[in-house]
>>> print(open('coords.cif').read())   # mmCIF, C-alpha atoms
data_input
loop_
_atom_site.label_atom_id
_atom_site.label_comp_id
_atom_site.auth_asym_id
_atom_site.auth_seq_id
_atom_site.Cartn_x
_atom_site.Cartn_y
_atom_site.Cartn_z
CA MET A 32 -37.23 -22.90 -16.47
CA THR A 33 -37.21 -26.64 -15.72
CA GLU A 34 -37.44 -28.15 -12.25
CA ARG A 35 -35.38 -31.31 -11.75
CA SER A 36 -34.80 -33.73 -8.88
CA GLY A 37 -33.42 -37.22 -8.27
CA PHE A 38 -32.76 -39.98 -7.57
CA PHE A 39 -35.93 -42.01 -6.82
CA VAL A 40 -36.85 -45.67 -7.07
CA SER A 41 -38.19 -46.54 -10.51
CA ILE A 42 -41.50 -48.41 -10.57
CA ASN A 43 -42.29 -50.01 -13.88
CA GLY A 44 -39.77 -47.68 -15.55
CA ASP A 45 -41.44 -44.42 -14.46
CA ARG A 46 -38.18 -42.90 -13.17
CA LYS A 47 -35.35 -42.82 -15.69
CA TYR A 48 -32.12 -40.86 -15.39
CA SER A 49 -29.33 -40.08 -17.83
CA ALA A 50 -25.56 -39.93 -17.37
CA ASP A 51 -25.91 -36.14 -17.41
CA ASP A 52 -28.31 -36.36 -14.48
CA PHE A 53 -25.75 -38.34 -12.53
CA GLY A 54 -22.94 -35.94 -13.42
CA ARG A 55 -25.12 -32.98 -12.44
CA MET A 56 -25.13 -34.31 -8.86
CA PHE A 57 -21.49 -33.18 -8.54
CA ASP A 58 -22.04 -29.65 -9.82
CA GLY A 59 -20.91 -27.27 -7.09
CA VAL A 60 -19.09 -30.08 -5.29
CA ILE A 61 -16.23 -30.64 -7.75
CA SER A 62 -15.08 -27.91 -10.10
CA ASP A 63 -13.89 -28.66 -13.63
CA GLY A 64 -10.21 -29.46 -13.79
CA ILE A 65 -7.34 -31.89 -13.24
CA PHE A 66 -6.87 -33.67 -9.92
CA GLN A 67 -3.49 -32.30 -8.95
CA ASN A 68 -2.43 -35.17 -6.69
CA TRP A 69 -3.53 -38.11 -8.86
CA GLY A 70 -0.82 -39.73 -10.99
CA ARG A 71 1.28 -37.16 -12.84
CA ALA A 72 -1.67 -34.83 -13.36
CA TYR A 73 -1.48 -34.98 -17.19
CA GLN A 74 1.98 -33.44 -17.30
CA VAL A 75 3.39 -33.21 -20.84
CA VAL A 76 7.11 -33.94 -21.29
CA LYS A 77 9.52 -34.57 -24.18
CA GLY A 78 10.20 -38.08 -25.43
CA ASN A 79 12.54 -39.61 -28.01
CA GLY A 80 12.69 -38.44 -31.60
CA ARG A 81 9.77 -36.10 -32.20
CA GLN A 82 7.66 -37.72 -29.48
CA ILE A 83 5.92 -35.98 -26.61
CA ILE A 84 4.55 -37.91 -23.65
CA ILE A 85 1.27 -37.17 -21.83
CA GLN A 86 1.65 -38.70 -18.40
CA SER A 87 -1.02 -40.25 -16.20
CA GLY A 88 -3.83 -38.14 -14.83
CA ARG A 89 -7.46 -37.86 -13.84
CA ALA A 90 -9.87 -34.98 -14.45
CA TRP A 91 -13.47 -33.90 -14.08
CA LEU A 92 -14.90 -31.94 -16.99
CA LYS A 93 -18.48 -30.85 -17.68
CA GLY A 94 -20.06 -33.57 -15.55
CA HIS A 95 -17.81 -36.38 -16.80
CA TRP A 96 -14.68 -38.00 -15.46
CA LEU A 97 -11.70 -39.04 -17.53
CA GLU A 98 -8.62 -40.96 -16.49
CA ASN A 99 -5.33 -41.97 -18.07
CA ASP A 100 -3.38 -44.47 -15.97
CA ALA A 101 -0.43 -44.87 -18.36
CA GLU A 102 1.77 -42.71 -20.54
CA ARG A 103 0.39 -41.69 -23.94
CA TYR A 104 2.83 -41.02 -26.80
CA TYR A 105 2.25 -38.61 -29.68
CA THR A 106 4.69 -38.04 -32.55
CA LEU A 107 4.58 -34.48 -33.82
CA ASN A 108 5.37 -33.51 -37.39
CA PRO A 109 8.70 -31.81 -38.15
CA GLY A 110 8.94 -28.05 -37.95
CA SER A 111 7.58 -26.12 -40.93
CA THR A 112 9.88 -24.33 -43.33
CA ASP A 113 7.54 -21.30 -43.17
CA GLY A 114 8.05 -20.46 -39.49
CA ASP A 115 7.48 -21.60 -35.92
CA ARG A 116 4.21 -23.34 -35.09
CA TYR A 117 2.35 -24.28 -31.93
CA ASP A 118 0.69 -27.67 -31.47
CA ALA A 119 -1.97 -27.98 -28.77
CA ILE A 120 -2.67 -30.81 -26.31
CA TYR A 121 -6.17 -30.86 -24.82
CA ILE A 122 -8.33 -32.91 -22.53
CA ARG A 123 -11.84 -32.97 -23.93
CA VAL A 124 -15.38 -34.24 -23.56
CA ASN A 125 -17.18 -35.06 -26.79
CA ASN A 126 -20.83 -35.42 -25.90
CA THR A 127 -22.22 -35.69 -29.41
CA ARG A 128 -24.70 -38.52 -29.80
CA ASP A 129 -22.48 -40.62 -32.05
CA VAL A 130 -19.30 -40.25 -29.95
CA ARG A 131 -19.93 -39.73 -26.22
CA VAL A 132 -16.36 -40.09 -24.95
CA ALA A 133 -13.73 -38.11 -23.08
CA GLY A 134 -9.97 -38.19 -23.47
CA ILE A 135 -6.84 -36.51 -24.83
CA ARG A 136 -6.57 -34.75 -28.19
CA ALA A 137 -3.49 -33.40 -29.98
CA LEU A 138 -3.96 -30.73 -32.64
CA GLN A 139 -1.31 -29.40 -35.00
CA GLY A 140 -1.29 -25.63 -35.42
CA ASN A 141 -0.37 -23.47 -38.38
CA PRO A 142 2.95 -21.66 -38.78
CA ASN A 143 3.07 -18.13 -37.39
CA GLN A 144 -0.50 -18.27 -36.02
CA GLY A 145 -0.10 -18.83 -32.27
CA ILE A 146 -1.62 -21.52 -30.07
CA PRO A 147 -4.78 -23.15 -31.51
CA GLN A 148 -7.71 -22.25 -29.29
CA PRO A 149 -9.86 -25.05 -27.87
CA THR A 150 -13.38 -25.85 -29.03
CA GLN A 151 -15.85 -25.06 -26.27
CA THR A 152 -19.46 -25.86 -27.20
CA PRO A 153 -22.15 -27.70 -25.19
CA ASP A 154 -21.47 -30.94 -27.10
CA ASN A 155 -17.71 -30.63 -27.53
CA TYR A 156 -15.69 -29.04 -24.76
CA GLU A 157 -11.92 -29.05 -24.40
CA VAL A 158 -9.21 -27.24 -22.43
CA LEU A 159 -5.47 -26.91 -22.94
CA ILE A 160 -3.09 -28.92 -20.82
CA ALA A 161 -0.02 -27.89 -22.82
CA ALA A 162 1.16 -26.17 -25.97
CA VAL A 163 4.29 -27.24 -27.84
CA ARG A 164 6.31 -24.70 -29.81
CA VAL A 165 7.88 -26.46 -32.78
CA PRO A 166 10.60 -24.19 -34.19
CA ARG A 167 11.07 -23.74 -37.93
CA GLY A 168 12.65 -26.86 -39.40
CA ALA A 169 12.86 -28.70 -36.05
CA GLN A 170 13.48 -32.45 -36.51
CA ASP A 171 13.79 -33.56 -32.88
CA ALA A 172 11.95 -33.03 -29.60
CA THR A 173 15.08 -31.57 -28.05
CA ALA A 174 14.27 -28.40 -29.99
CA PHE A 175 10.64 -28.31 -28.85
CA GLU A 176 9.45 -25.93 -26.12
CA ILE A 177 6.65 -27.27 -23.94
CA ILE A 178 4.39 -24.63 -22.37
CA ASP A 179 2.51 -25.99 -19.34
CA CYS A 180 -1.06 -24.61 -19.35
CA ARG A 181 -2.36 -26.50 -16.30
CA GLY A 182 -3.62 -24.22 -13.56
CA LYS A 183 -3.05 -21.02 -15.56
CA SER A 184 -5.71 -18.35 -15.64
CA GLY A 185 -8.09 -18.24 -18.57
CA THR A 186 -11.03 -20.40 -19.61
CA GLU A 187 -8.96 -21.92 -22.42
CA ASN A 188 -6.62 -23.57 -19.88
CA ALA A 189 -7.22 -26.66 -17.73
CA GLN A 190 -7.61 -25.67 -14.09
CA TRP A 191 -6.94 -27.70 -10.97
CA ALA A 192 -10.08 -29.45 -9.76
CA GLN A 193 -11.29 -28.16 -6.41
CA SER A 194 -13.77 -29.55 -3.92
CA VAL A 195 -15.79 -27.72 -1.29
CA MET A 196 -14.84 -30.60 1.01
CA GLN A 197 -11.12 -30.32 0.23
CA PRO A 198 -9.09 -28.72 3.05
CA LYS A 199 -6.92 -25.82 2.15
CA GLN A 200 -3.37 -26.94 1.53
CA ILE A 201 -0.73 -24.97 3.39
CA ALA A 202 2.99 -25.41 2.81
CA LEU A 203 4.60 -25.80 6.24
CA ASN A 204 8.35 -26.00 5.79
CA ASN A 205 9.32 -25.00 9.32
CA LYS A 206 7.98 -23.86 12.67
CA PHE A 207 7.62 -20.27 11.55
CA ASP A 208 5.49 -21.21 8.53
CA PHE A 209 3.17 -22.96 10.98
CA LEU A 210 3.01 -19.97 13.30
CA ASN A 211 2.27 -17.62 10.41
CA ALA A 212 -0.44 -19.91 9.04
CA PHE A 213 -2.26 -20.06 12.37
CA ASN A 214 -1.32 -16.66 13.73
CA ASN A 215 -4.92 -15.47 14.03
CA ASP A 216 -6.25 -18.55 15.82
CA PRO A 217 -6.39 -17.46 19.48
CA ASN A 218 -7.10 -21.03 20.62
CA LEU A 219 -3.54 -22.01 19.67
CA LYS A 220 -1.89 -19.17 21.55
CA LYS A 221 -1.95 -21.11 24.84
CA VAL A 222 -0.34 -24.26 23.49
CA ILE A 223 2.60 -23.06 21.38
CA THR A 224 5.80 -21.38 22.55
CA ARG A 225 7.87 -19.18 20.26
CA GLY A 226 10.16 -16.83 22.24
CA ASN A 227 10.58 -13.88 19.85
CA ASN A 228 11.59 -10.35 20.78
CA LEU A 229 8.52 -8.13 20.25
CA GLY A 230 10.48 -4.90 20.58
CA LYS A 231 11.58 -2.42 23.20
CA THR A 232 8.08 -1.14 23.94
CA ILE A 233 4.56 -2.29 23.24
CA THR A 234 3.14 -0.76 20.05
CA ALA A 235 -0.31 0.56 19.17
CA ALA A 236 -0.82 -2.38 16.80
CA GLN A 237 0.08 -4.85 19.55
CA LYS A 238 -2.36 -3.18 21.92
CA MET A 239 -5.08 -3.47 19.29
CA ALA A 240 -4.30 -7.17 18.82
CA ILE A 241 -4.71 -7.69 22.57
CA ARG A 242 -7.89 -5.63 22.70
CA ASN A 243 -9.61 -7.56 19.89
CA GLY A 244 -8.43 -10.95 21.17
CA THR A 245 -6.54 -12.08 18.05
CA PHE A 246 -3.14 -11.57 19.71
CA ASP A 247 -1.75 -11.12 16.20
CA GLY A 248 2.02 -11.66 16.10
CA MET A 249 2.24 -12.81 19.74
CA TRP A 250 2.94 -16.27 21.16
CA LEU A 251 3.87 -17.69 24.54
CA GLY A 252 7.45 -16.90 25.43
CA ASP A 253 7.56 -13.76 23.28
CA TYR A 254 8.83 -10.78 25.21
CA TRP A 255 9.52 -7.07 25.35
CA GLN A 256 12.97 -5.89 26.47
CA PHE A 257 13.82 -2.22 26.67
CA ASN A 258 17.58 -2.80 26.40
CA ASP A 259 20.18 -5.48 27.03
CA ASN A 260 20.54 -4.43 30.67
CA THR A 261 16.85 -4.82 31.59
CA CYS A 262 14.73 -7.88 32.14
CA ARG A 263 12.55 -9.53 29.54
CA TRP A 264 8.81 -9.22 30.12
CA ILE A 265 7.67 -12.66 28.94
CA ILE A 266 4.13 -13.51 27.84
CA VAL A 267 3.18 -16.41 30.13
CA ASP A 268 -0.56 -16.59 29.36
CA PHE A 269 -3.37 -15.34 27.13
CA ASP A 270 -6.89 -14.51 28.32
CA ARG A 271 -6.13 -16.07 31.69
CA TYR A 272 -8.96 -14.20 33.38
CA LEU A 273 -11.45 -13.97 30.50
CA ASP A 274 -13.66 -16.82 31.78
CA HIS A 275 -12.39 -16.73 35.35
CA PRO A 276 -14.75 -16.00 38.26
CA ASN A 277 -14.96 -12.23 38.71
CA GLY A 278 -12.82 -11.71 35.61
CA THR A 279 -13.09 -8.52 33.58
CA ASN A 280 -14.42 -10.26 30.45
CA GLN A 281 -11.83 -8.37 28.43
CA HIS A 282 -8.88 -9.75 26.52
CA ARG A 283 -5.56 -9.66 28.33
CA ILE A 284 -2.06 -11.06 28.27
CA THR A 285 -0.23 -12.06 31.45
CA ILE A 286 3.44 -11.12 31.66
CA MET A 287 6.20 -12.02 34.09
CA SER A 288 9.79 -10.91 34.46
CA ASP A 289 12.38 -13.45 33.35
CA ARG A 290 14.61 -12.71 36.35
CA ASN A 291 14.51 -11.30 39.85
CA LEU A 292 13.83 -7.59 40.09
CA GLY A 293 15.62 -6.88 43.32
CA ILE A 294 15.11 -8.60 46.66
CA ASP A 295 12.46 -7.93 49.29
CA ASN A 296 10.87 -9.37 52.42
CA ILE A 297 7.21 -10.38 52.50
CA GLY A 298 6.60 -9.15 56.05
CA GLU A 299 7.98 -7.67 59.23
CA ALA A 300 8.90 -9.37 62.51
CA GLY A 301 6.19 -11.37 64.23
CA TRP A 302 3.41 -13.57 62.93
CA CYS A 303 1.54 -13.13 59.67
CA ILE A 304 -1.98 -12.97 61.11
CA ASN A 305 -3.73 -11.58 58.06
CA GLY A 306 -2.46 -13.98 55.39
CA TRP A 307 -0.88 -12.98 52.11
CA ASN A 308 -3.46 -10.21 51.73
CA GLY A 309 -2.26 -8.53 54.90
CA SER A 310 1.45 -8.78 54.18
CA LYS A 311 3.72 -5.84 53.62
CA MET A 312 4.69 -7.04 50.14
CA ARG A 313 1.05 -7.42 49.09
CA ARG A 314 0.27 -3.87 50.20
CA ASP A 315 3.38 -2.45 48.54
CA TYR A 316 2.80 -4.20 45.23
CA ALA A 317 -0.97 -3.80 44.80
CA GLU A 318 -0.42 -0.64 42.77
CA GLY A 319 3.31 -1.12 42.55
CA MET A 320 4.30 -0.71 38.91
CA VAL A 321 6.36 2.30 39.96
CA ARG A 322 8.59 -0.10 41.90
CA PHE A 323 9.57 -1.82 38.66
CA ALA A 324 11.17 0.74 36.37
CA SER A 325 11.73 -1.67 33.50
CA ALA A 326 7.97 -2.35 33.32
CA LEU A 327 7.27 1.35 32.83
CA GLN A 328 9.96 1.49 30.15
CA ALA A 329 8.25 -1.20 28.08
CA PHE A 330 4.59 -0.38 28.84
CA ASP A 331 2.44 2.67 29.49
CA ILE A 332 0.98 3.05 32.94
CA SER A 333 -2.50 2.68 31.43
CA ASP A 334 -1.61 -0.76 30.01
CA PHE A 335 -1.54 -2.36 33.47
CA LYS A 336 -4.94 -3.77 34.42
CA THR A 337 -6.30 -5.18 37.63
CA PHE A 338 -6.94 -8.93 37.69
CA PRO A 339 -8.77 -11.25 40.10
CA VAL A 340 -6.81 -13.12 42.77
CA PHE A 341 -8.55 -15.19 45.48
CA GLU A 342 -6.63 -14.34 48.65
CA PRO A 343 -6.80 -15.46 52.31
CA HIS A 344 -7.24 -12.58 54.75
CA ALA A 345 -6.63 -14.48 58.00
CA PHE A 346 -5.69 -17.83 59.50
CA GLU A 347 -6.90 -19.86 62.43
CA ASN A 348 -4.58 -19.31 65.40
CA THR A 349 -3.41 -22.54 67.06
CA ASP A 350 -0.66 -23.41 69.49
CA ASN A 351 1.30 -25.13 66.76
CA SER A 352 2.83 -22.55 64.47
CA TRP A 353 2.90 -25.13 61.66
CA ASP A 354 -0.81 -25.92 61.97
CA LEU A 355 -2.07 -23.14 59.73
CA THR A 356 -5.61 -22.90 58.39
CA GLU A 357 -6.11 -19.99 56.03
CA LYS A 358 -9.46 -18.25 56.38
CA ARG A 359 -11.63 -15.47 55.03
CA TRP A 360 -10.95 -16.06 51.35
CA SER A 361 -12.23 -13.33 49.06
CA TRP A 362 -11.50 -11.79 45.68
CA GLU A 363 -8.97 -9.00 45.40
CA TYR A 364 -7.94 -7.04 42.31
CA PRO A 365 -4.26 -6.07 42.36
CA LYS A 366 -2.27 -4.78 39.41
CA VAL A 367 0.84 -6.64 40.54
CA THR A 368 1.34 -9.88 42.41
CA ILE A 369 3.92 -12.63 42.70
CA PRO A 370 3.19 -16.17 41.45
CA SER A 371 1.89 -19.03 43.55
CA GLU A 372 3.16 -22.60 43.66
CA PHE A 373 0.33 -23.83 41.46
CA GLU A 374 0.72 -21.06 38.89
CA MET A 375 4.38 -21.96 38.47
CA PHE A 376 4.42 -25.75 38.89
CA GLY A 377 0.83 -26.97 38.47
CA SER A 378 0.70 -28.40 41.98
CA ASN A 379 0.97 -27.43 45.63
CA PHE A 380 4.02 -28.78 47.44
CA VAL A 381 4.83 -27.19 50.79
CA HIS A 382 1.48 -25.41 50.96
CA VAL A 383 -0.89 -28.36 50.72
CA ARG A 384 1.38 -30.60 52.80
CA VAL A 385 0.85 -28.37 55.78
CA ASN A 386 -2.72 -27.25 55.32
CA GLY A 387 -4.36 -30.48 54.22
CA GLY A 388 -6.98 -30.86 51.50
CA GLU A 389 -9.92 -30.03 53.78
CA ASN A 390 -8.63 -26.49 54.28
CA ASN A 391 -7.79 -25.82 50.64
CA VAL A 392 -10.86 -23.67 50.03
CA ALA A 393 -9.56 -21.61 47.11
CA PRO A 394 -11.08 -22.19 43.64
CA ILE A 395 -9.26 -24.61 41.34
CA ALA A 396 -6.01 -22.96 40.38
CA ARG A 397 -4.66 -22.93 36.85
CA GLN A 398 -1.01 -23.19 35.97
CA LEU A 399 0.36 -20.44 33.77
CA SER A 400 0.26 -21.72 30.18
CA TYR A 401 3.94 -20.98 29.57
CA PHE A 402 5.02 -23.29 32.40
CA ARG A 403 2.27 -25.85 31.74
CA LEU A 404 3.98 -26.55 28.39
CA GLY A 405 7.16 -27.50 30.21
CA ASN A 406 9.17 -24.37 29.53
CA PRO A 407 11.99 -24.01 32.06
CA ILE A 408 12.16 -21.26 34.63
CA PRO A 409 14.37 -18.49 33.20
CA PHE A 410 17.47 -17.84 35.28
CA SER A 411 16.56 -20.91 37.31
CA GLY A 412 19.52 -20.49 39.64
CA GLU A 413 17.85 -17.48 41.29
CA SER A 414 15.66 -17.93 44.38
CA PHE A 415 12.35 -16.03 44.51
CA TRP A 416 9.26 -15.77 46.67
CA LEU A 417 5.91 -17.49 46.06
CA ARG A 418 2.77 -16.09 47.65
CA ASP A 419 1.69 -19.29 49.46
CA GLN A 420 1.76 -19.06 53.26
CA VAL A 421 3.19 -22.17 54.91
CA THR A 422 3.23 -21.26 58.62
CA LYS A 423 2.43 -18.24 60.73
CA ASN A 424 5.72 -16.69 59.64
CA HIS A 425 6.88 -18.69 56.63
CA PHE A 426 6.06 -18.41 52.92
CA ALA A 427 6.85 -20.66 50.01
CA LEU A 428 10.09 -20.06 48.14
CA TYR A 429 11.52 -21.33 44.89
CA TYR A 430 15.02 -22.23 46.06
CA GLY A 431 17.26 -21.74 43.04
CA ASP A 432 20.40 -23.36 44.41
CA GLN A 433 18.58 -26.70 44.71
CA ARG A 434 15.99 -26.13 41.97
CA HIS A 435 13.07 -27.03 44.24
CA VAL A 436 10.27 -25.46 46.29
CA SER A 437 10.98 -24.77 49.94
CA TRP A 438 10.00 -22.09 52.43
CA ALA A 439 11.62 -19.23 54.35
CA ASP A 440 10.85 -16.82 57.15
CA TRP A 441 8.78 -13.98 55.75
CA THR A 442 11.24 -11.42 57.09
CA SER A 443 14.04 -12.84 54.92
CA LYS A 444 14.94 -11.08 51.70
CA TYR A 445 14.70 -13.05 48.49
CA GLY A 446 14.10 -12.29 44.85
CA VAL A 447 10.83 -10.94 43.46
CA ARG A 448 9.35 -11.83 40.05
CA PRO A 449 6.26 -9.70 39.39
CA LEU A 450 3.21 -11.04 37.59
CA MET A 451 1.07 -8.46 35.74
CA SER A 452 -1.90 -8.26 33.38
CA ILE A 453 -1.68 -6.13 30.23
CA GLY A 454 -4.69 -4.85 28.32
CA GLY A 455 -5.01 -3.02 25.01
#
>>> encode(input="coords.cif", output="C-alpha cells")
Amino acid sequence: MTERSGFFVSINGDRKYSADDFGRMFDGVISDGIFQNWGRAYQVVKGNGRQIIIQSGRAWLKGHWLENDAERYYTLNPGSTDGDRYDAIYIRVNNTRDVRVAGIRALQGNPNQGIPQPTQTPDNYEVLIAAVRVPRGAQDATAFEIIDCRGKSGTENAQWAQSVMQPKQIALNNKFDFLNAFNNDPNLKKVITRGNNLGKTITAAQKMAIRNGTFDGMWLGDYWQFNDNTCRWIIVDFDRYLDHPNGTNQHRITIMSDRNLGIDNIGEAGWCINGWNGSKMRRDYAEGMVRFASALQAFDISDFKTFPVFEPHAFENTDNSWDLTEKRWSWEYPKVTIPSEFEMFGSNFVHVRVNGGENNVAPIARQLSYFRLGNPIPFSGESFWLRDQVTKNHFALYYGDQRHVSWADWTSKYGVRPLMSIGG
C-alpha cells in the first residue's frame, strides 16, 4: 500500500507531480460521466447521407477531462449484405505512453454480432454514448436506428457526471410538485398555504404525522369537513405552542372554524370585573368541545389538547368605565378559546388604544400563521367576538358588515369561532 499526498511547494525539484496526481484530486468529488447540462451532452443524431453527428459535450473520465465544442461528423459504411450490424460510438481515454489523449471513437461492428463492447483497461478506457443499428443493405442514415446509451445502467455505458456539491435537481412544474417535494420539511409548513380537503375525519396516519412533527400531507389552509352542511376546521398554525412559554413541548396543529358556530354573549349584565378569564364564555368554553358538534364529528375527544393562554384575571376599577387596566395576568390552559385581535390581525386596534402601552403586560403575541400570510377571513361578512376586553363591559368584535374591528357590550350576542389545539 502506497501513501500519497499533495500538493507542496517544490524546492530544487524535490516535489514533482504528474497529471494523474492532479486528476486524483477530483476522485470522490466528480464521478465519471458526461456533464448533462453542458452543450448537447454528446448527443448522437442522424446527418445527411450516411453521416451521423456527435454534438458538443464535456465529460470527466478516469481522472481526465474531455470536451467537444463543435459537431463531429462520421460517415458510416453501408449496411452489410449478410445482416444487420451495430456500430459503436464511445468517449475514451487512451493513457498509453505514446498516445495520452481523450476523445471520441467510432467503431464498426460485425453483422449479426450485437453492439461492440468497449475496451476498459487501466491504459485504455472507453464507454458507449450511442450505438447505431445499420440494417442489412442500408445506404442512407434515414434507415439507421440510433440507440442512446447515455445515462443507462451498466458499466459499458456513459453515465451522467455527478458532484457531491451538486444540488439535487427537482422538476417543479406546478405548485403541487413543490408541495410534494418539500412535504416533509416542517419549517415550510408555516409559510405556505394550500387549502386541500383532508377528509371527513382525522385519520390514524394524520395523527401520527402530527405526533412526530413532520405534518406529512398537511399545509396551512387544509381542512377537515364532515359533510357539506358543517363547517370546515381549517389548519391555521403548526407547532404554535412548541417553543412558547409554558407550552407542552409536543407537536400540535391549531385549528379554527371557517364560519360562526352559533351566537353567544361573553357575559351577563353588569361589569366584567374578572377580565376575560372570569367571563361566562370563558368558563363555558374551557372544556367546551361538546358545545361544537361538528368538532366531535371530525375529531376524537382525545385529540383536543390544552394549550397555554396568558389571560387577565382582573382590572383596575376607576371612575371612567373606559379607563381599563387589566391586571393579574397568569397562564391558563383551556381546550377551547376564541381568537384575539393580535392572533387574527397581527396588531391591537381597539384594545391597545384604550389601555395604552404601559399596561400591555402580556407576552409578545404571535399572529396565527394562516392570517400572517395574508389569507382572507373566511365568510368575512359574519361578525364574531374577539377575547380582548375594551372597557368594563365591552369586548372587541370583528364587525363583518364593515370588515373592521370594533367593540360591543359583552351581553350582546354575536358569532363565535372556536380556536383549538389538536395533538396526535
>>> closest_residue(input="coords.cif", among="A:Tyr429, A:Trp302, A:Phe66, A:Trp250", to="Ser194 of chain A", atoms="only C-alpha atoms")
A:Phe66
>>> closest_residue(input="coords.cif", among="A:Leu292, A:Tyr272, A:Phe330, A:Lys47", to="Tyr254 of chain A", atoms="only C-alpha atoms")
A:Phe330
>>> resolve_selection(input="coords.cif", expression="the PyMOL selection byres ((chain A and resi 313-316) around 12)", output="PyMOL selection string")
chain A and resi 295-298+305-312+317-323+337+340+342-344+363-370+416-419+447-451
>>> write_last_selection(input="coords.cif", atoms="C-alpha atoms", output="short mmCIF file (atom, residue, chain, number, x, y, z; two decimals), in the frame of the given file")
data_model
loop_
_atom_site.label_atom_id
_atom_site.label_comp_id
_atom_site.auth_asym_id
_atom_site.auth_seq_id
_atom_site.Cartn_x
_atom_site.Cartn_y
_atom_site.Cartn_z
CA ASP A 295 12.46 -7.93 49.29
CA ASN A 296 10.87 -9.37 52.42
CA ILE A 297 7.21 -10.38 52.50
CA GLY A 298 6.60 -9.15 56.05
CA ASN A 305 -3.73 -11.58 58.06
CA GLY A 306 -2.46 -13.98 55.39
CA TRP A 307 -0.88 -12.98 52.11
CA ASN A 308 -3.46 -10.21 51.73
CA GLY A 309 -2.26 -8.53 54.90
CA SER A 310 1.45 -8.78 54.18
CA LYS A 311 3.72 -5.84 53.62
CA MET A 312 4.69 -7.04 50.14
CA ALA A 317 -0.97 -3.80 44.80
CA GLU A 318 -0.42 -0.64 42.77
CA GLY A 319 3.31 -1.12 42.55
CA MET A 320 4.30 -0.71 38.91
CA VAL A 321 6.36 2.30 39.96
CA ARG A 322 8.59 -0.10 41.90
CA PHE A 323 9.57 -1.82 38.66
CA THR A 337 -6.30 -5.18 37.63
CA VAL A 340 -6.81 -13.12 42.77
CA GLU A 342 -6.63 -14.34 48.65
CA PRO A 343 -6.80 -15.46 52.31
CA HIS A 344 -7.24 -12.58 54.75
CA GLU A 363 -8.97 -9.00 45.40
CA TYR A 364 -7.94 -7.04 42.31
CA PRO A 365 -4.26 -6.07 42.36
CA LYS A 366 -2.27 -4.78 39.41
CA VAL A 367 0.84 -6.64 40.54
CA THR A 368 1.34 -9.88 42.41
CA ILE A 369 3.92 -12.63 42.70
CA PRO A 370 3.19 -16.17 41.45
CA TRP A 416 9.26 -15.77 46.67
CA LEU A 417 5.91 -17.49 46.06
CA ARG A 418 2.77 -16.09 47.65
CA ASP A 419 1.69 -19.29 49.46
CA VAL A 447 10.83 -10.94 43.46
CA ARG A 448 9.35 -11.83 40.05
CA PRO A 449 6.26 -9.70 39.39
CA LEU A 450 3.21 -11.04 37.59
CA MET A 451 1.07 -8.46 35.74
#
>>> atom_distance(input="coords.cif", atom1="atom CA of Asn205 of chain A", atom2="atom CA of Gln237 of chain A")
24.4 Å
>>> resolve_selection(input="coords.cif", expression="the PyMOL selection byres ((chain A and resi 130-135) around 10)", output="ChimeraX atom specification")
/A:73,85,89-92,95-99,103,120-129,136-137,154-160
>>> write_last_selection(input="coords.cif", atoms="C-alpha atoms", output="short mmCIF file (atom, residue, chain, number, x, y, z; two decimals), keeping the file's coordinate frame")
data_model
loop_
_atom_site.label_atom_id
_atom_site.label_comp_id
_atom_site.auth_asym_id
_atom_site.auth_seq_id
_atom_site.Cartn_x
_atom_site.Cartn_y
_atom_site.Cartn_z
CA TYR A 73 -1.48 -34.98 -17.19
CA ILE A 85 1.27 -37.17 -21.83
CA ARG A 89 -7.46 -37.86 -13.84
CA ALA A 90 -9.87 -34.98 -14.45
CA TRP A 91 -13.47 -33.90 -14.08
CA LEU A 92 -14.90 -31.94 -16.99
CA HIS A 95 -17.81 -36.38 -16.80
CA TRP A 96 -14.68 -38.00 -15.46
CA LEU A 97 -11.70 -39.04 -17.53
CA GLU A 98 -8.62 -40.96 -16.49
CA ASN A 99 -5.33 -41.97 -18.07
CA ARG A 103 0.39 -41.69 -23.94
CA ILE A 120 -2.67 -30.81 -26.31
CA TYR A 121 -6.17 -30.86 -24.82
CA ILE A 122 -8.33 -32.91 -22.53
CA ARG A 123 -11.84 -32.97 -23.93
CA VAL A 124 -15.38 -34.24 -23.56
CA ASN A 125 -17.18 -35.06 -26.79
CA ASN A 126 -20.83 -35.42 -25.90
CA THR A 127 -22.22 -35.69 -29.41
CA ARG A 128 -24.70 -38.52 -29.80
CA ASP A 129 -22.48 -40.62 -32.05
CA ARG A 136 -6.57 -34.75 -28.19
CA ALA A 137 -3.49 -33.40 -29.98
CA ASP A 154 -21.47 -30.94 -27.10
CA ASN A 155 -17.71 -30.63 -27.53
CA TYR A 156 -15.69 -29.04 -24.76
CA GLU A 157 -11.92 -29.05 -24.40
CA VAL A 158 -9.21 -27.24 -22.43
CA LEU A 159 -5.47 -26.91 -22.94
CA ILE A 160 -3.09 -28.92 -20.82
#
>>> atom_distance(input="coords.cif", atom1="atom CA of Gln193 of chain A", atom2="atom CA of Gly64 of chain A")
7.6 Å
>>> resolve_selection(input="coords.cif", expression="the PyMOL selection byres ((chain A and resi 68-72) around 6)", output="PDB file with C-alpha atoms, in the coordinates of the input")
ATOM      1  CA  PHE A  66      -6.870 -33.670  -9.920  1.00  0.00           C
ATOM      2  CA  GLN A  67      -3.490 -32.300  -8.950  1.00  0.00           C
ATOM      3  CA  TYR A  73      -1.480 -34.980 -17.190  1.00  0.00           C
ATOM      4  CA  GLN A  74       1.980 -33.440 -17.300  1.00  0.00           C
ATOM      5  CA  GLN A  86       1.650 -38.700 -18.400  1.00  0.00           C
ATOM      6  CA  SER A  87      -1.020 -40.250 -16.200  1.00  0.00           C
ATOM      7  CA  GLY A  88      -3.830 -38.140 -14.830  1.00  0.00           C
TER       8      GLY A  88
END
>>> atom_distance(input="coords.cif", atom1="atom CA of Asn218 of chain A", atom2="atom CA of Ser288 of chain A")
24.1 Å
>>> residues_near_point(input="coords.cif", point="(-1.4, -21.2, -25.4)", cutoff="8 Å", atoms="all atoms listed in the file", output="VMD selection string")
chain A and resid 119 145 to 148 159 161 to 162 178 180 188
>>> residues_near_point(input="coords.cif", point="(14.7, -9.9, 49.0)", cutoff="8 Å", atoms="all atoms listed in the file", output="number ranges by chain")
A: 293-296, 415, 443-447
>>> closest_residue(input="coords.cif", among="A:Arg81, A:Lys183, A:Lys358, A:Arg434", to="Tyr104 of chain A", atoms="all atoms listed in the file")
A:Arg81
